[in-house]
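Enquirer: Input: one structure, supplied below.
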Amino acid sequence: PRLANQIAAGEVVERPASVTKELIENALDAGASRVEVEVEQGGARLIRVRDDGDGIAHDQMPLALSRHATSKIHSLDDLEAVSSLGFRGEALASISSVARLTLTSRARGETEGWCVEAEGQDMQTRVSPAAHPQGTTVEVRDLFFNTPARRKFLRTEKTEFNHLEENLRRQALSRFDVGFTLQHNGRAVQSLRPATTERDRQQRVASLCGSQFMEHALSIDVEASGLRLQGWVALPTFSRSQADLQYFFVNGRPIRDRLVAHAVRQAYRDVLYNQRHPAFVLYLEVDPANVDVNVHPTKHEVRFRDGRLVHDFLFRSLHRALAEVRPGDDST
Ligand code: ADP
Ligand code: MG
């Protein structure tokens, strides 16, 4: 089974950013209200994710590291009803097969915490007592220490950290209700309190996407045909410093979708002629019955039941909003 884990690891564990993504998803699945991420050397040396979620009961600790043993999906019905982010039951097993992993946790209502360790092919099933507040800490050290071929594919510390930060940005933009902190080599990089008010949300977007973006952003909130679009789109006065500032969420999940990209680009091109790389943070809410977000669990794909309707709604909403603030348009 450890070999199967290493093979599976190739799918889930590509680099520090993908490990961190899985660990944060687990924290969110556990109902965390705070997620603290600490990394060293871009995550290659250490990734530590601590949460204040439900924690893991003593007898579940070794299981958490075994492949499929904990899958949150038990039947086809579950698969259809899935709302948790992780459901394959293989992330921790895969990660531990290519790193040194320590899982420490105290379950809600318990007075004691526990710890299990796994190192590459060796998993210690011994559960030892450990001090921990309610919640879970996963520590991943020396990623790919036992798979040199894969370690060679890691890029520079800076590049790996950029990927990791980009991923955290996406997760923090999708969960305003959760607080996030990020530390790199002992230095605080992000500190985001749970955002409840509109002002908090704007502050979070400014922290994550830059205050420039927020200062030059138009706020959107449109509802029609059972669809709702909210968020911010940059006006042409915004001069992009980041390569790509395009975030789109469907029912809270980050999505990359050609139909969506096309609708947004069309609206921009129509109104603002020369804006070729629009910047935006947008949230679309759709009746879950009309969208399939599990097309692929690791890619960010989505399938709309009525793609035409969604496309037209996005295009019209953005077109109208942008047209109202068209620069140099002093016809009124
Ligand atoms: P999956 O998330 O697909 O179920 P994982 O390998 O990511 O599989 O996690 C295995 C199991 O370990 C989870 O199903 C969950 O029961 C437990 N677990 C992992 N991380 C946490 C966490 N941060 N808090 C609580 N439980 C966790
Ligand atoms: Mg998971």
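Identifiers for the structure tokens are assigned positionally: chains receive A, B, ... in sequence, residues are indexed from 1 per chain, and ligands are indexed from 1 in the order shown.
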Please produce, as CSV, a per-residue contact table for chain A versus ligand 2 (criterion: any atom at most 6 Å away, only C-alpha atoms and all ligand atoms considered), showing the nearest atom pair and its distance in Å to one decimal, sorted by chain then residue number.

Expert:
```
residue,atom,partner,partner_atom_place_in_ligand_line,distance
A:Glu22,CA,ligand 2,1 (Mg),5.5
A:Glu25,CA,ligand 2,1 (Mg),6.0
A:Asn26,CA,ligand 2,1 (Mg),4.6
A:Gly86,CA,ligand 2,1 (Mg),3.9
A:Ala91,CA,ligand 2,1 (Mg),5.4
```

Enquirer: For Ile24 (chain A), work out the shell of residues within 10 Å, counting only C-alpha atoms and skipping chain neighbours fewer than 2 positions away, then give it as a list in words.

Expert: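 My reading of the contact set: Ser18, Val19, Thr20, Lys21, Glu22, Asn26, Ala27, Leu28, Asp29, Ala30, Ala32, Val35, Glu36, Val37, Val49, Arg50, Asp51, Leu85, Val138, Asn167, Leu168, Gln171, Ala172 and Phe180 of chain A.
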
Enquirer: Please identify all polymer residues within 12 Å of region 312-319 of chain A, counting only C-alpha atoms, omitting same-chain residues fewer than 3 positions from it, and present them as a ChimeraX atom specification.

Expert: /A:218-235,248,259-273,278,280,282-286,306-309,322-326

Enquirer: As a PyMOL selection string, which residues of region 86-232 of chain A does DSSP assign to strand (DSSP E)?

Expert: chain A and resi 100-106+113-119+122-123+128-130+135-141+179-184+187-192+217-224+227-232

Enquirer: Within 7 Å of region 190-201 of chain A, counting only C-alpha atoms, which residues show up once you throw out same-chain ones fewer than 4 positions away? Write them as number ranges by chain, please.

Expert: A: 176-182, 205

Enquirer: So which one's closest to ligand 1, A:Pro236, A:Gly186, A:Gly53, A:Pro62? Using only C-alpha atoms and all ligand atoms, please.

Expert: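 Using only C-alpha atoms and all ligand atoms, the shortest distance to ligand 1 belongs to A:Gly53.
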
Enquirer: Just to confirm, what's the straight-line distance from CA of Arg305 (chain A) to CA of Val293 (chain A) in Å (one decimal)?

Expert: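 Going from CA of Arg305 (chain A) over to CA of Val293 (chain A) covers 11.0 Å.
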
Enquirer: Considering only C-alpha atoms and all ligand atoms, can you say which of A:Glu112, A:Asp59, A:Glu165, A:Glu38 comes closest to ligand 1?

Expert: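 Smallest separation from ligand 1 among the options: A:Asp59.
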
Enquirer: Please report, as a VMD selection string, each residue of region 78-283 of chain A to which DSSP assigns alpha helix (DSSP H) when run on this structure's backbone.

Expert: chain A and resid 78 to 81 91 to 97 148 to 151 157 to 174 198 to 209 211 to 215 258 to 272

Enquirer: Within 8 Å of region 130-136 of chain A, counting only C-alpha atoms, which residues qualify if same-chain residues fewer than 6 places away don't, as a PyMOL selection string?

Expert: chain A and resi 27+32+50-56+103-108+110+112-115

Enquirer: Just the selected residues (N, CA, C and O atoms), exported as a PDB file, in the first residue's frame, please.

Expert:
```pdb
ATOM      1  N   ALA A  27      -8.327  21.381   6.979  1.00  0.00           N
ATOM      2  CA  ALA A  27      -8.661  22.266   8.106  1.00  0.00           C
ATOM      3  C   ALA A  27     -10.054  22.868   7.907  1.00  0.00           C
ATOM      4  O   ALA A  27     -10.861  22.926   8.832  1.00  0.00           O
ATOM      5  N   ALA A  32     -12.667  24.637  10.775  1.00  0.00           N
ATOM      6  CA  ALA A  32     -11.767  25.594  11.424  1.00  0.00           C
ATOM      7  C   ALA A  32     -12.248  27.028  11.227  1.00  0.00           C
ATOM      8  O   ALA A  32     -12.825  27.358  10.192  1.00  0.00           O
ATOM      9  N   ARG A  50      -1.838  24.651  11.112  1.00  0.00           N
ATOM     10  CA  ARG A  50      -2.498  24.460  12.400  1.00  0.00           C
ATOM     11  C   ARG A  50      -3.911  25.020  12.317  1.00  0.00           C
ATOM     12  O   ARG A  50      -4.120  26.096  11.753  1.00  0.00           O
ATOM     13  N   ASP A  51      -4.889  24.278  12.849  1.00  0.00           N
ATOM     14  CA  ASP A  51      -6.252  24.784  12.819  1.00  0.00           C
ATOM     15  C   ASP A  51      -6.939  24.594  14.161  1.00  0.00           C
ATOM     16  O   ASP A  51      -6.432  23.890  15.036  1.00  0.00           O
ATOM     17  N   ASP A  52      -8.082  25.240  14.312  1.00  0.00           N
ATOM     18  CA  ASP A  52      -8.862  25.119  15.546  1.00  0.00           C
ATOM     19  C   ASP A  52     -10.179  24.389  15.252  1.00  0.00           C
ATOM     20  O   ASP A  52     -11.216  24.686  15.824  1.00  0.00           O
ATOM     21  N   GLY A  53     -10.118  23.456  14.312  1.00  0.00           N
ATOM     22  CA  GLY A  53     -11.318  22.715  13.904  1.00  0.00           C
ATOM     23  C   GLY A  53     -11.688  21.611  14.885  1.00  0.00           C
ATOM     24  O   GLY A  53     -11.261  21.626  16.046  1.00  0.00           O
ATOM     25  N   ASP A  54     -12.468  20.659  14.394  1.00  0.00           N
ATOM     26  CA  ASP A  54     -13.003  19.600  15.260  1.00  0.00           C
ATOM     27  C   ASP A  54     -11.955  18.662  15.830  1.00  0.00           C
ATOM     28  O   ASP A  54     -12.216  17.950  16.800  1.00  0.00           O
ATOM     29  N   GLY A  55     -10.792  18.593  15.221  1.00  0.00           N
ATOM     30  CA  GLY A  55      -9.767  17.677  15.701  1.00  0.00           C
ATOM     31  C   GLY A  55     -10.073  16.239  15.305  1.00  0.00           C
ATOM     32  O   GLY A  55     -11.062  15.949  14.640  1.00  0.00           O
ATOM     33  N   ILE A  56      -9.174  15.339  15.716  1.00  0.00           N
ATOM     34  CA  ILE A  56      -9.301  13.928  15.332  1.00  0.00           C
ATOM     35  C   ILE A  56      -9.289  13.084  16.606  1.00  0.00           C
ATOM     36  O   ILE A  56      -8.412  13.251  17.450  1.00  0.00           O
ATOM     37  N   LEU A 103       1.301  14.326  12.708  1.00  0.00           N
ATOM     38  CA  LEU A 103      -0.088  14.752  12.870  1.00  0.00           C
ATOM     39  C   LEU A 103      -0.373  14.832  14.358  1.00  0.00           C
ATOM     40  O   LEU A 103      -0.218  13.850  15.079  1.00  0.00           O
ATOM     41  N   THR A 104      -0.736  16.013  14.817  1.00  0.00           N
ATOM     42  CA  THR A 104      -1.031  16.208  16.232  1.00  0.00           C
ATOM     43  C   THR A 104      -2.426  16.800  16.335  1.00  0.00           C
ATOM     44  O   THR A 104      -2.756  17.715  15.584  1.00  0.00           O
ATOM     45  N   SER A 105      -3.228  16.286  17.251  1.00  0.00           N
ATOM     46  CA  SER A 105      -4.608  16.749  17.276  1.00  0.00           C
ATOM     47  C   SER A 105      -5.262  16.539  18.637  1.00  0.00           C
ATOM     48  O   SER A 105      -4.903  15.632  19.383  1.00  0.00           O
ATOM     49  N   ARG A 106      -6.181  17.404  18.936  1.00  0.00           N
ATOM     50  CA  ARG A 106      -7.063  17.167  20.085  1.00  0.00           C
ATOM     51  C   ARG A 106      -8.502  17.359  19.612  1.00  0.00           C
ATOM     52  O   ARG A 106      -8.862  18.418  19.090  1.00  0.00           O
ATOM     53  N   ALA A 107      -9.300  16.303  19.779  1.00  0.00           N
ATOM     54  CA  ALA A 107     -10.684  16.351  19.302  1.00  0.00           C
ATOM     55  C   ALA A 107     -11.527  17.232  20.221  1.00  0.00           C
ATOM     56  O   ALA A 107     -11.248  17.350  21.421  1.00  0.00           O
ATOM     57  N   ARG A 108     -12.536  17.813  19.660  1.00  0.00           N
ATOM     58  CA  ARG A 108     -13.484  18.618  20.417  1.00  0.00           C
ATOM     59  C   ARG A 108     -14.012  17.818  21.607  1.00  0.00           C
ATOM     60  O   ARG A 108     -14.365  16.649  21.469  1.00  0.00           O
ATOM     61  N   GLU A 110     -12.435  16.588  24.051  1.00  0.00           N
ATOM     62  CA  GLU A 110     -11.437  15.734  24.695  1.00  0.00           C
ATOM     63  C   GLU A 110     -10.498  16.587  25.548  1.00  0.00           C
ATOM     64  O   GLU A 110     -10.317  17.768  25.292  1.00  0.00           O
ATOM     65  N   GLU A 112      -7.300  15.440  26.192  1.00  0.00           N
ATOM     66  CA  GLU A 112      -5.921  15.156  25.820  1.00  0.00           C
ATOM     67  C   GLU A 112      -5.722  15.218  24.314  1.00  0.00           C
ATOM     68  O   GLU A 112      -6.634  14.905  23.547  1.00  0.00           O
ATOM     69  N   GLY A 113      -4.502  15.545  23.917  1.00  0.00           N
ATOM     70  CA  GLY A 113      -4.152  15.534  22.509  1.00  0.00           C
ATOM     71  C   GLY A 113      -3.278  14.334  22.193  1.00  0.00           C
ATOM     72  O   GLY A 113      -2.694  13.720  23.097  1.00  0.00           O
ATOM     73  N   TRP A 114      -3.187  14.011  20.912  1.00  0.00           N
ATOM     74  CA  TRP A 114      -2.433  12.838  20.480  1.00  0.00           C
ATOM     75  C   TRP A 114      -1.630  13.148  19.230  1.00  0.00           C
ATOM     76  O   TRP A 114      -1.934  14.090  18.507  1.00  0.00           O
ATOM     77  N   CYS A 115      -0.657  12.285  18.992  1.00  0.00           N
ATOM     78  CA  CYS A 115       0.264  12.537  17.895  1.00  0.00           C
ATOM     79  C   CYS A 115       0.642  11.231  17.208  1.00  0.00           C
ATOM     80  O   CYS A 115       0.847  10.215  17.880  1.00  0.00           O
TER      81      CYS A 115
END
```

Enquirer: Here is a test: counting only C-alpha atoms and all ligand atoms, which residue of A:Asn185, A:Ser66, A:Gln41, A:Gln121 is nearest to ligand 1?

Expert: A:Ser66

Enquirer: So, with only C-alpha atoms as the atoms that count, which of A:Thr147, A:Ser96, A:Val39, A:Val281 lies closest to Met214 (chain A)?

Expert: A:Val281

Enquirer: Work out how far CA of Leu154 (chain A) is from CA of Glu14 (chain A), in Å to one decimal.

Expert: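 About the pair CA of Glu14 (chain A) and CA of Leu154 (chain A): they are 8.8 Å apart.
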
Enquirer: Might you pull out every residue within 8 Å of Phe161 (chain A), with only C-alpha atoms counted and same-chain residues fewer than 3 positions away left off, and present them as a PyMOL selection string?

Expert: chain A and resi 16-17+41-43+157-158+164-165

Enquirer: Report, in Å to a single decimal, how far apart CA of Glu90 (chain A) and CA of Arg67 (chain A) are.

Expert: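 Going from CA of Arg67 (chain A) over to CA of Glu90 (chain A), I get 4.8 Å.
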
Enquirer: Between A:Arg126, A:Arg150, A:Arg34, A:Arg15, which one has atoms that come closest to ligand 1, using only C-alpha atoms and all ligand atoms?

Expert: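 Counting only C-alpha atoms and all ligand atoms, the residue closest to ligand 1 is A:Arg34.
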